[in-house]
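Source file query37.txt; content: compact mmCIF, C-alpha atoms and all ligand atoms.
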# COMPACT_ATOMS: atom_id res chain seq x y z
CA MET Z 1 12.91 43.44 31.97
CA ASN Z 2 13.29 39.84 32.88
CA ASN Z 3 12.64 37.27 30.17
CA LYS Z 4 12.94 34.42 32.68
CA ASN Z 5 10.26 35.90 34.91
CA ALA Z 6 7.11 33.72 34.73
CA LYS Z 7 4.98 36.83 34.14
CA PRO Z 8 4.33 38.06 30.59
CA LEU Z 9 6.47 41.06 29.54
CA TYR Z 10 3.51 43.44 29.21
CA GLU Z 11 2.54 42.64 32.82
CA GLN Z 12 6.06 43.37 34.06
CA ILE Z 13 5.99 46.79 32.31
CA TYR Z 14 2.50 47.47 33.69
CA GLU Z 15 3.62 46.61 37.23
CA ASP Z 16 6.76 48.74 37.09
CA ILE Z 17 4.85 51.82 35.93
CA ARG Z 18 2.00 51.21 38.34
CA SER Z 19 4.40 50.97 41.25
CA ASP Z 20 6.17 54.20 40.17
CA ILE Z 21 2.80 55.96 40.12
CA LEU Z 22 1.53 54.54 43.44
CA SER Z 23 4.77 55.30 45.26
CA GLY Z 24 4.75 58.91 44.03
CA ARG Z 25 7.89 58.54 41.89
CA MET Z 26 5.74 59.52 38.90
CA LYS Z 27 3.50 62.52 39.59
CA LYS Z 28 0.07 63.43 38.29
CA ASP Z 29 0.12 64.74 34.71
CA GLU Z 30 3.68 63.54 34.12
CA ARG Z 31 4.13 62.31 30.57
CA LEU Z 32 4.94 58.67 29.98
CA PRO Z 33 7.48 57.73 27.29
CA SER Z 34 5.91 57.16 23.89
CA LYS Z 35 5.12 53.56 23.04
CA ARG Z 36 7.83 53.43 20.40
CA ALA Z 37 10.49 55.02 22.65
CA LEU Z 38 9.76 52.63 25.49
CA SER Z 39 9.67 49.61 23.21
CA GLU Z 40 13.10 50.52 21.85
CA ARG Z 41 14.51 51.16 25.29
CA LEU Z 42 13.26 47.82 26.62
CA SER Z 43 13.80 45.87 23.40
CA VAL Z 44 10.24 44.68 23.31
CA SER Z 45 7.56 45.07 20.67
CA VAL Z 46 5.33 48.15 20.49
CA ILE Z 47 2.34 45.83 21.00
CA THR Z 48 3.75 44.72 24.34
CA VAL Z 49 4.01 48.32 25.55
CA GLU Z 50 0.57 49.07 24.13
CA ASN Z 51 -0.93 46.20 26.15
CA ALA Z 52 0.70 47.52 29.33
CA TYR Z 53 -0.56 51.07 28.69
CA SER Z 54 -4.08 49.81 27.91
CA GLN Z 55 -4.20 48.03 31.25
CA LEU Z 56 -2.98 51.16 33.08
CA ILE Z 57 -5.64 53.22 31.31
CA ALA Z 58 -8.37 50.67 32.09
CA GLU Z 59 -7.48 50.80 35.80
CA GLY Z 60 -7.38 54.61 35.92
CA TYR Z 61 -3.63 55.10 36.51
CA VAL Z 62 -2.96 56.69 33.13
CA ARG Z 63 -4.93 58.69 30.58
CA ALA Z 64 -4.36 58.95 26.85
CA ALA Z 65 -4.56 62.46 25.35
CA GLU Z 66 -5.20 62.45 21.66
CA ARG Z 67 -2.09 63.24 19.61
CA SER Z 68 -0.10 64.33 22.66
CA GLY Z 69 0.66 61.04 24.42
CA TYR Z 70 0.07 59.30 27.75
CA PHE Z 71 -0.07 61.02 31.17
CA VAL Z 72 -0.28 59.96 34.79
CA GLN Z 73 -3.87 60.28 35.95
CA TYR Z 74 -3.71 58.97 39.51
CA SER Z 75 -3.24 61.65 42.18
CA GLY Z 76 -3.76 59.80 45.44
CA GLU Z 77 -1.43 59.70 48.42
CA PRO Z 78 1.75 57.68 47.80
CA VAL Z 79 1.19 54.07 48.74
CA LYS Z 80 3.87 51.91 50.33
CA LEU Z 81 3.92 48.77 48.21
CA PRO Z 82 5.09 45.47 49.60
CA GLU Z 83 8.69 44.86 48.66
CA ASN Z 84 9.10 42.30 45.92
CA ALA Z 85 6.62 39.77 47.19
CA PRO Z 86 8.28 36.34 47.05
CA VAL Z 87 7.07 34.13 44.24
CA PRO Z 88 5.07 31.34 45.92
CA VAL Z 89 7.00 28.10 45.85
CA TYR Z 90 5.11 24.86 45.33
CA GLU Z 91 5.54 22.66 48.37
CA PRO Z 92 4.56 19.03 47.82
CA GLU Z 93 1.92 17.79 50.26
CA PRO Z 94 3.44 15.84 53.14
CA GLU Z 95 2.95 12.14 52.57
CA SER Z 96 -0.04 10.92 54.50
CA PHE Z 97 -1.65 7.55 54.89
CA PRO Z 98 -4.33 6.86 52.35
CA ASP Z 99 -7.41 5.28 53.93
CA VAL Z 100 -7.67 2.46 51.45
CA GLY Z 101 -4.95 0.21 50.06
CA THR Z 102 -3.76 1.73 46.81
CA GLU Z 103 -2.89 -1.58 45.15
CA ILE Z 104 -6.34 -2.47 43.95
CA PHE Z 105 -7.93 0.72 42.72
CA PRO Z 106 -9.21 -0.17 39.22
CA PHE Z 107 -7.51 2.65 37.33
CA SER Z 108 -8.07 1.20 33.87
CA VAL Z 109 -11.81 0.62 34.42
CA TRP Z 110 -12.21 4.11 35.88
CA THR Z 111 -10.35 5.68 32.94
CA ARG Z 112 -12.46 3.77 30.44
CA LEU Z 113 -15.72 4.72 32.16
CA MET Z 114 -14.73 8.35 32.39
CA ARG Z 115 -13.92 8.40 28.68
CA THR Z 116 -17.24 6.70 27.86
CA VAL Z 117 -19.12 9.20 29.99
CA ILE Z 118 -17.42 12.15 28.28
CA LEU Z 119 -18.10 10.74 24.82
CA GLU Z 120 -21.68 9.75 25.53
CA LYS Z 121 -22.78 12.78 27.48
CA GLY Z 122 -20.77 15.46 25.69
CA SER Z 123 -21.91 18.97 26.47
CA ALA Z 124 -24.61 17.69 28.85
CA LEU Z 125 -21.74 17.23 31.34
CA LEU Z 126 -21.28 20.96 31.49
CA LYS Z 127 -24.76 21.52 32.89
CA PRO Z 128 -25.06 21.47 36.68
CA THR Z 129 -26.68 18.35 38.07
CA PRO Z 130 -29.77 18.75 40.30
CA SER Z 131 -29.11 19.93 43.85
CA GLY Z 132 -29.48 16.40 45.23
CA GLY Z 133 -27.08 14.99 42.61
CA ALA Z 134 -27.29 13.28 39.21
CA MET Z 135 -30.32 10.99 39.01
CA GLU Z 136 -28.22 8.24 37.41
CA LEU Z 137 -25.94 8.14 40.43
CA ARG Z 138 -28.83 8.27 42.90
CA ALA Z 139 -30.54 5.41 41.06
CA ALA Z 140 -27.31 3.35 41.02
CA ILE Z 141 -26.88 3.91 44.78
CA SER Z 142 -30.52 3.02 45.39
CA GLY Z 143 -29.98 -0.33 43.65
CA TYR Z 144 -26.77 -0.97 45.55
CA LEU Z 145 -28.37 -0.16 48.92
CA TYR Z 146 -31.17 -2.59 48.22
CA ARG Z 147 -28.79 -5.41 47.27
CA ALA Z 148 -26.16 -4.80 49.93
CA ARG Z 149 -27.88 -3.22 52.93
CA GLY Z 150 -31.51 -4.23 52.63
CA ILE Z 151 -32.44 -0.57 52.27
CA CYS Z 152 -35.35 0.22 50.01
CA GLN Z 153 -35.00 3.92 49.20
CA PRO Z 154 -36.31 5.77 46.14
CA PRO Z 155 -33.49 7.55 44.24
CA GLU Z 156 -35.10 10.99 44.69
CA ARG Z 157 -34.64 10.78 48.44
CA ILE Z 158 -30.93 9.98 48.19
CA ILE Z 159 -28.82 13.15 48.30
CA ILE Z 160 -25.25 13.26 46.97
CA GLY Z 161 -22.61 15.16 48.96
CA ALA Z 162 -18.85 15.71 49.13
CA GLY Z 163 -17.94 13.32 51.96
CA SER Z 164 -19.76 12.41 55.16
CA GLU Z 165 -18.41 15.52 56.83
CA TYR Z 166 -20.34 17.62 54.31
CA PHE Z 167 -23.54 16.00 55.60
CA TYR Z 168 -22.61 16.36 59.28
CA ASP Z 169 -22.53 20.09 58.63
CA MET Z 170 -25.68 20.06 56.52
CA LEU Z 171 -27.62 18.15 59.17
CA ILE Z 172 -27.01 20.91 61.70
CA ARG Z 173 -28.80 23.25 59.31
CA LEU Z 174 -31.47 20.71 58.35
CA LEU Z 175 -32.44 19.72 61.89
CA GLY Z 176 -31.72 23.15 63.38
CA ARG Z 177 -29.17 24.67 65.75
CA ASP Z 178 -31.79 24.63 68.50
CA LYS Z 179 -31.55 20.82 68.51
CA ARG Z 180 -29.24 19.07 70.93
CA PHE Z 181 -26.98 16.54 69.22
CA GLY Z 182 -25.48 13.52 71.02
CA ILE Z 183 -22.16 12.14 69.78
CA GLU Z 184 -20.32 8.97 70.74
CA ASP Z 185 -17.56 9.24 73.34
CA PRO Z 186 -15.04 7.92 72.34
CA GLY Z 187 -15.66 8.69 68.68
CA PHE Z 188 -14.51 10.05 65.35
CA TYR Z 189 -12.49 13.19 66.19
CA LYS Z 190 -13.99 15.30 63.40
CA LEU Z 191 -17.51 15.10 64.82
CA SER Z 192 -16.98 17.30 67.86
CA LYS Z 193 -15.02 19.79 65.74
CA ILE Z 194 -17.77 20.00 63.12
CA TYR Z 195 -20.64 20.30 65.61
CA ARG Z 196 -18.74 22.91 67.60
CA LEU Z 197 -17.75 24.99 64.56
CA GLY Z 198 -21.25 24.63 63.12
CA GLY Z 199 -22.60 26.32 66.25
CA ALA Z 200 -24.58 23.23 67.24
CA ASN Z 201 -25.55 22.31 70.73
CA PHE Z 202 -23.97 18.93 71.42
CA GLU Z 203 -23.21 16.52 74.27
CA TYR Z 204 -20.85 13.58 74.53
CA ILE Z 205 -22.69 10.31 75.22
CA SER Z 206 -20.78 7.43 76.77
CA LEU Z 207 -20.68 3.93 75.39
CA ASP Z 208 -20.74 0.52 76.97
CA GLU Z 209 -20.08 -2.85 75.33
CA SER Z 210 -23.28 -2.43 73.24
CA GLY Z 211 -22.53 1.06 71.95
CA MET Z 212 -24.15 4.41 72.79
CA LYS Z 213 -26.06 4.33 76.10
CA ALA Z 214 -29.75 4.96 75.51
CA ASP Z 215 -30.46 6.19 79.06
CA GLU Z 216 -27.95 9.05 78.64
CA LEU Z 217 -29.90 10.21 75.60
CA TYR Z 218 -32.92 10.77 77.87
CA GLU Z 219 -30.87 12.23 80.72
CA LYS Z 220 -29.10 14.74 78.52
CA ASN Z 221 -32.24 15.74 76.62
CA ILE Z 222 -30.81 14.83 73.25
CA ASP Z 223 -32.79 15.47 70.04
CA ALA Z 224 -30.47 13.79 67.51
CA ALA Z 225 -28.16 10.85 68.28
CA HIS Z 226 -25.21 10.44 65.91
CA ILE Z 227 -24.20 6.76 65.94
CA SER Z 228 -22.32 4.18 63.89
CA PRO Z 229 -24.17 0.95 64.81
CA ALA Z 230 -22.64 -1.27 62.10
CA HIS Z 231 -19.14 -0.72 63.43
CA HIS Z 232 -18.19 1.94 65.90
CA PHE Z 233 -15.03 3.95 65.43
CA PRO Z 234 -12.69 3.48 67.25
CA THR Z 235 -13.89 0.73 69.62
CA GLY Z 236 -15.20 -1.57 66.88
CA VAL Z 237 -18.45 -2.29 68.78
CA VAL Z 238 -21.27 -3.64 66.59
CA MET Z 239 -24.52 -2.49 68.18
CA PRO Z 240 -26.72 -5.48 69.09
CA ILE Z 241 -30.42 -5.55 68.26
CA SER Z 242 -31.44 -4.92 71.89
CA ARG Z 243 -29.59 -1.57 72.00
CA ARG Z 244 -30.85 -0.65 68.52
CA ARG Z 245 -34.41 -1.18 69.78
CA GLU Z 246 -33.77 0.95 72.87
CA ILE Z 247 -32.38 3.79 70.79
CA MET Z 248 -35.17 3.43 68.25
CA SER Z 249 -37.84 3.69 70.95
CA TRP Z 250 -36.04 6.71 72.41
CA ALA Z 251 -36.27 8.32 68.94
CA GLU Z 252 -39.94 7.43 68.55
CA THR Z 253 -40.95 9.20 71.77
CA GLY Z 254 -40.83 12.75 70.50
CA GLU Z 255 -39.35 14.79 67.65
CA ARG Z 256 -36.07 12.89 67.81
CA PHE Z 257 -33.66 11.63 65.19
CA ILE Z 258 -30.95 9.04 64.71
CA ILE Z 259 -28.06 9.87 62.36
CA GLU Z 260 -26.87 6.45 61.25
CA ASP Z 261 -23.26 6.82 60.10
CA ASP Z 262 -22.57 3.65 58.13
CA TYR Z 263 -19.04 4.66 57.07
CA ASP Z 264 -17.37 1.21 56.94
CA SER Z 265 -20.24 -1.26 57.14
CA GLU Z 266 -19.07 -3.01 53.97
CA PHE Z 267 -16.16 -4.60 55.81
CA ARG Z 268 -17.45 -7.39 58.01
CA TRP Z 269 -15.34 -10.48 58.68
CA SER Z 270 -17.76 -13.05 60.01
CA GLY Z 271 -21.44 -13.67 59.35
CA ARG Z 272 -23.72 -11.54 57.21
CA PRO Z 273 -23.55 -7.75 57.02
CA VAL Z 274 -25.48 -6.21 59.92
CA ARG Z 275 -28.76 -4.68 58.79
CA ALA Z 276 -28.93 -0.92 58.66
CA MET Z 277 -31.27 0.70 61.21
CA PHE Z 278 -32.65 2.80 58.37
CA SER Z 279 -34.03 -0.33 56.71
CA SER Z 280 -36.32 -1.13 59.64
CA ASP Z 281 -37.36 2.40 60.52
CA GLY Z 282 -41.09 2.71 60.03
CA SER Z 283 -41.40 6.13 61.60
CA GLY Z 284 -39.01 8.27 59.58
CA ARG Z 285 -36.67 8.89 62.52
CA VAL Z 286 -33.44 7.57 60.96
CA ILE Z 287 -31.17 9.56 58.64
CA TYR Z 288 -28.68 7.33 56.83
CA VAL Z 289 -25.21 8.62 55.83
CA ASN Z 290 -22.57 6.64 53.94
CA THR Z 291 -19.40 7.43 52.00
CA PHE Z 292 -17.13 6.07 49.27
CA SER Z 293 -14.07 7.11 51.30
CA LYS Z 294 -13.52 3.63 52.73
CA THR Z 295 -14.71 1.51 49.82
CA ILE Z 296 -13.02 3.43 46.97
CA ALA Z 297 -10.66 6.13 48.27
CA PRO Z 298 -10.91 9.12 50.61
CA SER Z 299 -9.89 11.42 47.75
CA VAL Z 300 -13.07 10.58 45.81
CA ARG Z 301 -15.08 12.91 48.10
CA ILE Z 302 -18.47 11.44 47.32
CA SER Z 303 -21.01 10.44 49.94
CA TYR Z 304 -24.77 10.09 50.15
CA MET Z 305 -27.59 10.59 52.59
CA CYS Z 306 -31.03 8.92 52.70
CA LEU Z 307 -33.92 10.91 54.12
CA SER Z 308 -37.49 10.13 55.16
CA GLU Z 309 -40.23 11.70 53.07
CA GLU Z 310 -40.83 14.42 55.62
CA LEU Z 311 -37.17 15.34 56.02
CA TYR Z 312 -36.64 15.21 52.29
CA GLU Z 313 -39.40 17.81 51.84
CA LYS Z 314 -37.78 19.97 54.49
CA TRP Z 315 -34.37 19.57 52.82
CA ARG Z 316 -35.86 20.53 49.44
CA GLU Z 317 -37.56 23.61 50.81
CA THR Z 318 -34.72 24.89 52.96
CA LEU Z 319 -31.47 23.59 51.46
CA GLY Z 320 -32.44 22.46 47.98
CA PHE Z 321 -31.12 25.73 46.50
CA TYR Z 322 -27.47 24.70 47.08
CA ALA Z 323 -25.61 23.40 44.04
CA CYS Z 324 -24.54 19.77 44.33
CA PRO Z 325 -20.88 19.96 45.46
CA VAL Z 326 -19.68 16.96 43.42
CA PRO Z 327 -18.58 17.54 39.79
CA SER Z 328 -20.90 15.97 37.20
CA PHE Z 329 -17.97 14.13 35.55
CA GLU Z 330 -17.27 12.14 38.72
CA GLN Z 331 -20.94 11.58 39.49
CA TYR Z 332 -21.68 9.99 36.13
CA THR Z 333 -18.48 7.94 36.18
CA LEU Z 334 -19.31 6.59 39.63
CA ALA Z 335 -22.88 5.88 38.50
CA ARG Z 336 -21.51 3.69 35.70
CA PHE Z 337 -18.97 2.12 38.05
CA ILE Z 338 -21.81 1.01 40.32
CA SER Z 339 -24.48 0.10 37.76
CA ASP Z 340 -22.06 -1.91 35.59
CA GLY Z 341 -21.18 -4.07 38.60
CA TYR Z 342 -17.60 -2.85 39.09
CA PHE Z 343 -18.21 -1.36 42.53
CA GLU Z 344 -19.41 -4.58 44.13
CA ARG Z 345 -16.58 -6.50 42.44
CA HIS Z 346 -14.15 -3.95 43.76
CA ILE Z 347 -15.54 -4.30 47.30
CA ASN Z 348 -15.21 -8.07 47.09
CA ARG Z 349 -11.57 -7.79 46.03
CA ALA Z 350 -10.92 -5.22 48.76
CA LYS Z 351 -12.55 -7.50 51.34
CA LYS Z 352 -10.47 -10.50 50.32
CA ARG Z 353 -7.33 -8.44 50.44
CA PHE Z 354 -8.14 -6.85 53.80
CA ARG Z 355 -9.06 -10.24 55.22
CA ARG Z 356 -5.56 -11.47 54.38
CA ILE Z 357 -3.92 -8.32 55.73
CA ARG Z 358 -6.04 -8.51 58.88
CA GLU Z 359 -4.90 -12.08 59.49
CA GLN Z 360 -1.28 -11.08 59.03
CA VAL Z 361 -1.64 -8.11 61.39
CA LEU Z 362 -3.49 -10.19 64.00
CA GLY Z 363 -0.87 -12.95 63.74
CA PHE Z 364 1.96 -10.47 64.02
CA ILE Z 365 0.53 -8.62 67.00
CA SER Z 366 -0.47 -11.75 68.90
CA GLU Z 367 3.18 -12.84 68.95
CA PHE Z 368 4.06 -10.02 71.33
CA PRO Z 369 3.83 -11.06 74.99
CA ASP Z 370 0.82 -9.93 77.08
CA VAL Z 371 -1.28 -8.47 74.27
CA ARG Z 372 -5.08 -8.71 74.30
CA ILE Z 373 -7.08 -8.14 71.12
CA PHE Z 374 -10.71 -6.91 71.11
CA GLU Z 375 -13.53 -6.57 68.59
CA GLU Z 376 -11.75 -7.66 65.47
CA ASN Z 377 -14.74 -8.96 63.49
CA ALA Z 378 -15.61 -5.88 61.47
CA GLY Z 379 -14.09 -2.79 59.90
CA LEU Z 380 -10.49 -1.95 59.15
CA HIS Z 381 -9.34 -1.39 62.71
CA PHE Z 382 -9.41 -3.13 66.10
CA ILE Z 383 -8.35 -2.48 69.68
CA ILE Z 384 -5.44 -4.01 71.57
CA GLU Z 385 -4.34 -3.78 75.18
CA ALA Z 386 -0.58 -3.95 75.64
CA GLU Z 387 1.75 -2.84 78.42
CA ASN Z 388 4.79 -2.05 76.33
CA ALA Z 389 3.32 -0.97 73.05
CA GLU Z 390 6.27 1.15 71.80
CA GLN Z 391 7.75 -1.72 69.84
CA ILE Z 392 4.39 -2.72 68.35
CA VAL Z 393 3.70 0.90 67.38
CA SER Z 394 7.02 1.42 65.59
CA LYS Z 395 7.10 -1.98 63.91
CA CYS Z 396 3.53 -1.61 62.63
CA LEU Z 397 4.14 1.92 61.42
CA GLU Z 398 6.99 0.71 59.21
CA HIS Z 399 4.39 -1.28 57.28
CA GLY Z 400 1.60 1.24 57.01
CA VAL Z 401 -0.34 0.05 60.06
CA ARG Z 402 -1.22 2.89 62.42
CA VAL Z 403 -1.38 2.22 66.14
CA THR Z 404 -2.71 5.16 68.17
CA PRO Z 405 -3.63 5.44 71.84
CA LEU Z 406 -7.37 4.90 72.34
CA LYS Z 407 -7.46 7.76 74.85
CA ASN Z 408 -6.92 10.23 71.95
CA TYR Z 409 -10.53 9.59 70.92
CA TYR Z 410 -12.12 10.42 74.28
CA SER Z 411 -13.44 13.86 75.25
CA ASP Z 412 -11.69 13.24 78.57
CA PRO Z 413 -8.67 10.95 78.07
CA SER Z 414 -8.69 9.97 81.75
CA LYS Z 415 -11.94 8.04 81.11
CA CYS Z 416 -10.04 5.57 78.92
CA GLY Z 417 -8.63 2.28 80.23
CA GLN Z 418 -4.84 2.20 80.43
CA ASN Z 419 -2.65 0.80 77.64
CA ARG Z 420 -5.36 0.54 75.01
CA TYR Z 421 -4.54 1.23 71.38
CA VAL Z 422 -6.41 1.39 68.07
CA VAL Z 423 -4.78 -0.65 65.30
CA ASN Z 424 -5.78 0.66 61.86
CA TYR Z 425 -4.67 -1.36 58.85
CA SER Z 426 -6.68 0.39 56.14
CA ALA Z 427 -3.49 1.79 54.56
CA ALA Z 428 -1.36 -1.37 54.70
CA ASN Z 429 -0.16 -2.83 51.43
CA GLU Z 430 -0.28 -6.59 51.29
CA ASN Z 431 3.10 -7.47 49.80
CA GLU Z 432 4.85 -5.04 52.01
CA PHE Z 433 3.07 -6.41 55.02
CA GLY Z 434 4.02 -9.95 54.16
CA ILE Z 435 7.64 -9.30 55.15
CA ILE Z 436 6.83 -8.07 58.63
CA LYS Z 437 7.83 -11.23 60.44
C1 LIG G 1 -16.07 7.38 61.69
C2 LIG G 1 -15.88 7.91 60.32
N1 LIG G 1 -16.92 8.44 59.67
C3 LIG G 1 -16.77 8.90 58.42
C4 LIG G 1 -15.56 8.84 57.76
C5 LIG G 1 -15.46 9.29 56.32
O1 LIG G 1 -15.57 10.63 56.18
P1 LIG G 1 -15.62 11.29 54.72
O2 LIG G 1 -16.73 10.65 53.95
O3 LIG G 1 -15.88 12.74 54.98
O4 LIG G 1 -14.29 11.05 54.06
C6 LIG G 1 -14.46 8.33 58.38
C7 LIG G 1 -13.18 8.31 57.66
O5 LIG G 1 -12.14 8.01 58.13
C8 LIG G 1 -14.60 7.85 59.70
O6 LIG G 1 -13.54 7.31 60.34

Show me, as structure tokens, the structure contained in the file I just sent.
Amino acid sequence: MNNKNAKPLYEQIYEDIRSDILSGRMKKDERLPSKRALSERLSVSVITVENAYSQLIAEGYVRAAERSGYFVQYSGEPVKLPENAPVPVYEPEPESFPDVGTEIFPFSVWTRLMRTVILEKGSALLKPTPSGGAMELRAAISGYLYRARGICQPPERIIIGAGSEYFYDMLIRLLGRDKRFGIEDPGFYKLSKIYRLGGANFEYISLDESGMKADELYEKNIDAAHISPAHHFPTGVVMPISRRREIMSWAETGERFIIEDDYDSEFRWSGRPVRAMFSSDGSGRVIYVNTFSKTIAPSVRISYMCLSEELYEKWRETLGFYACPVPSFEQYTLARFISDGYFERHINRAKKRFRRIREQVLGFISEFPDVRIFEENAGLHFIIEAENAEQIVSKCLEHGVRVTPLKNYYSDPSKCGQNRYVVNYSAANENEFGIIK
């Protein structure tokens, strides 16, 4: 008996006897020691032995015969048990870059709101929220979308999910595996993985300086184009109105859809935020997806999707039976965070901070000889062209700025221009970055 073992004593006794029975060391009808005898031998209480015996009886290894004791009941073939399975050791997660600077997350506000929600809602928090998410959160997002993105969407047609990737998967099921999806090339690496694993039919669509090429959508017979017009990852292209119109008219000629992935539209460095395509879609062709991964933190795992009336009905009929994947506690806390004005304040602080970091990173990188910088007016990343980037890569990395070859984001890396890199400063901390020079 091992008192230091993490398992309770009764469980250790149960396991020892069970393994003797399964391995054939104890045979059918063999008598077990009496509870008192075993408790004395092991220096444990009779109750502990009784608990072990009860478990063995419940699982059919042992039977109790009135007034004569306990006997082995199991008579199967001896089983070779795994030798002392190692106790799993907790390995800390390897440190990874967060996607948002950690300095400004409003921990005290979040804690206060969570406490308020628990006190105010009480046991109501234990009830599942509707499949599409808590109405309070959907209403808060509806208000935010109207103020920030010019989107006028009733709360009922906003669905809450656990990250944009949750919706990428869901959209395969909503639109159907028979549909042919078109994804941006280069693009976000998870998209091809998700469409492939989801069994969807998909094609890579090339980009030019205006974003996804509309003529390839016709050529490749695409039914649903997955685009990020506000700020493309990784090239940083902001899709101009002319290309938006072309893609919109492609969608309007037939049963076609646009998946507008607005993942970091909040971060724009000059001029007004670019309007969402969803806000000027009169024909119900655009599906809008956005996330709190960039604006709050990637660990929050909350995202939302806006659907047209027709698609919403289809979603309700076919997928509305799924439980909402986001815990009610977080949904209500986020609802309060948005409706009490903290979210927009937080975005403004994040923008100011990223603007300063961006200037520092741009200043730092432009000091290297023969570096060209592209598309730096939106989002938390931009592209550079540099012949000898090793020094830039290692120096930036020391300060939380990732520099990765652009070719990594292409389906065929040979299609990428030489010496191009993506500079991502979403994880840089300001003070730390200040000492770069
Ligand atoms: C292009 C793009 N879309 C979406 C996301 C966010 O995904 P999620 O909401 O699943 O965290 C990211 C995050 O890095 C991204 O780069």

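Minimum atom-to-atom distance to ligand LIG 1 (chain G), evaluated using all atoms listed in the file, belongs to Z:Ser164 out of Z:Asn348, Z:Ser164, Z:Ser308, Z:Ser54.
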
Practice prompt. May I have the residues within 6 Å of ligand LIG 1 (chain G), computed using all atoms listed in the file, as an MDAnalysis selection string?
Written response: chainID Z and resid 163:165 188 233 263 291 293 298 303

Discussion item. For stretch 222-228 of chain Z, find every residue with an atom within 6 Å (counting all atoms listed in the file), except residues of its own chain fewer than 4 positions away, and show them as a list in words.
Written reply: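 With the cut-off at 6 Å, the set is Lys179, Arg180, Phe181, Gly182, Ile183, Leu217, His232, Arg256, Phe257, Ile258, Ile259, Glu260, Asp261 and Asp262 of chain Z.
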
Discussion item. Which residues are near Z:Phe71? Cut-off 9 Å, only C-alpha atoms, ignore same chain within fewer than 6 positions. Put them as a ChimeraX atom specification.
Written reply: /Z:28-32,61-65

Create the file for the chosen residues now, containing C-alpha atoms and written as a PDB file, in the coordinates of the input.
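New file out.pdb:
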ATOM      1  CA  LYS Z  28       0.070  63.430  38.290  1.00  0.00           C
ATOM      2  CA  ASP Z  29       0.120  64.740  34.710  1.00  0.00           C
ATOM      3  CA  GLU Z  30       3.680  63.540  34.120  1.00  0.00           C
ATOM      4  CA  ARG Z  31       4.130  62.310  30.570  1.00  0.00           C
ATOM      5  CA  LEU Z  32       4.940  58.670  29.980  1.00  0.00           C
ATOM      6  CA  TYR Z  61      -3.630  55.100  36.510  1.00  0.00           C
ATOM      7  CA  VAL Z  62      -2.960  56.690  33.130  1.00  0.00           C
ATOM      8  CA  ARG Z  63      -4.930  58.690  30.580  1.00  0.00           C
ATOM      9  CA  ALA Z  64      -4.360  58.950  26.850  1.00  0.00           C
ATOM     10  CA  ALA Z  65      -4.560  62.460  25.350  1.00  0.00           C
TER      11      ALA Z  65
END

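For the residues Z:Ser210, Z:Ser414, Z:Ser328, Z:Ser75, ranking by smallest atom-to-atom distance to Z:Ile118 using all atoms listed in the file places Z:Ser328 first.
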
Discussion item. Taking (0.8, 42.8, 33.0) as a centre in this file's frame and 10 Å as the limit, can you find every polymer residue with an atom that close, using only C-alpha atoms, and give them as number ranges by chain?
Written reply: Z: 7-16, 48-49, 51-56

With C-alpha atoms kept, could you save the residues just selected as a PDB file, in the frame of the given file?
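Saved result, again_22.pdb, follows:
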ATOM      1  CA  LYS Z   7       4.980  36.830  34.140  1.00  0.00           C
ATOM      2  CA  PRO Z   8       4.330  38.060  30.590  1.00  0.00           C
ATOM      3  CA  LEU Z   9       6.470  41.060  29.540  1.00  0.00           C
ATOM      4  CA  TYR Z  10       3.510  43.440  29.210  1.00  0.00           C
ATOM      5  CA  GLU Z  11       2.540  42.640  32.820  1.00  0.00           C
ATOM      6  CA  GLN Z  12       6.060  43.370  34.060  1.00  0.00           C
ATOM      7  CA  ILE Z  13       5.990  46.790  32.310  1.00  0.00           C
ATOM      8  CA  TYR Z  14       2.500  47.470  33.690  1.00  0.00           C
ATOM      9  CA  GLU Z  15       3.620  46.610  37.230  1.00  0.00           C
ATOM     10  CA  ASP Z  16       6.760  48.740  37.090  1.00  0.00           C
ATOM     11  CA  THR Z  48       3.750  44.720  24.340  1.00  0.00           C
ATOM     12  CA  VAL Z  49       4.010  48.320  25.550  1.00  0.00           C
ATOM     13  CA  ASN Z  51      -0.930  46.200  26.150  1.00  0.00           C
ATOM     14  CA  ALA Z  52       0.700  47.520  29.330  1.00  0.00           C
ATOM     15  CA  TYR Z  53      -0.560  51.070  28.690  1.00  0.00           C
ATOM     16  CA  SER Z  54      -4.080  49.810  27.910  1.00  0.00           C
ATOM     17  CA  GLN Z  55      -4.200  48.030  31.250  1.00  0.00           C
ATOM     18  CA  LEU Z  56      -2.980  51.160  33.080  1.00  0.00           C
TER      19      LEU Z  56
END

Discussion item. When you count all atoms listed in the file, which of these residues is closest to Z:Ile141: Z:Arg244, Z:Arg177, Z:Arg336, Z:Arg316?
Written reply: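 Of all the options, Z:Arg336 lies closest to Z:Ile141.
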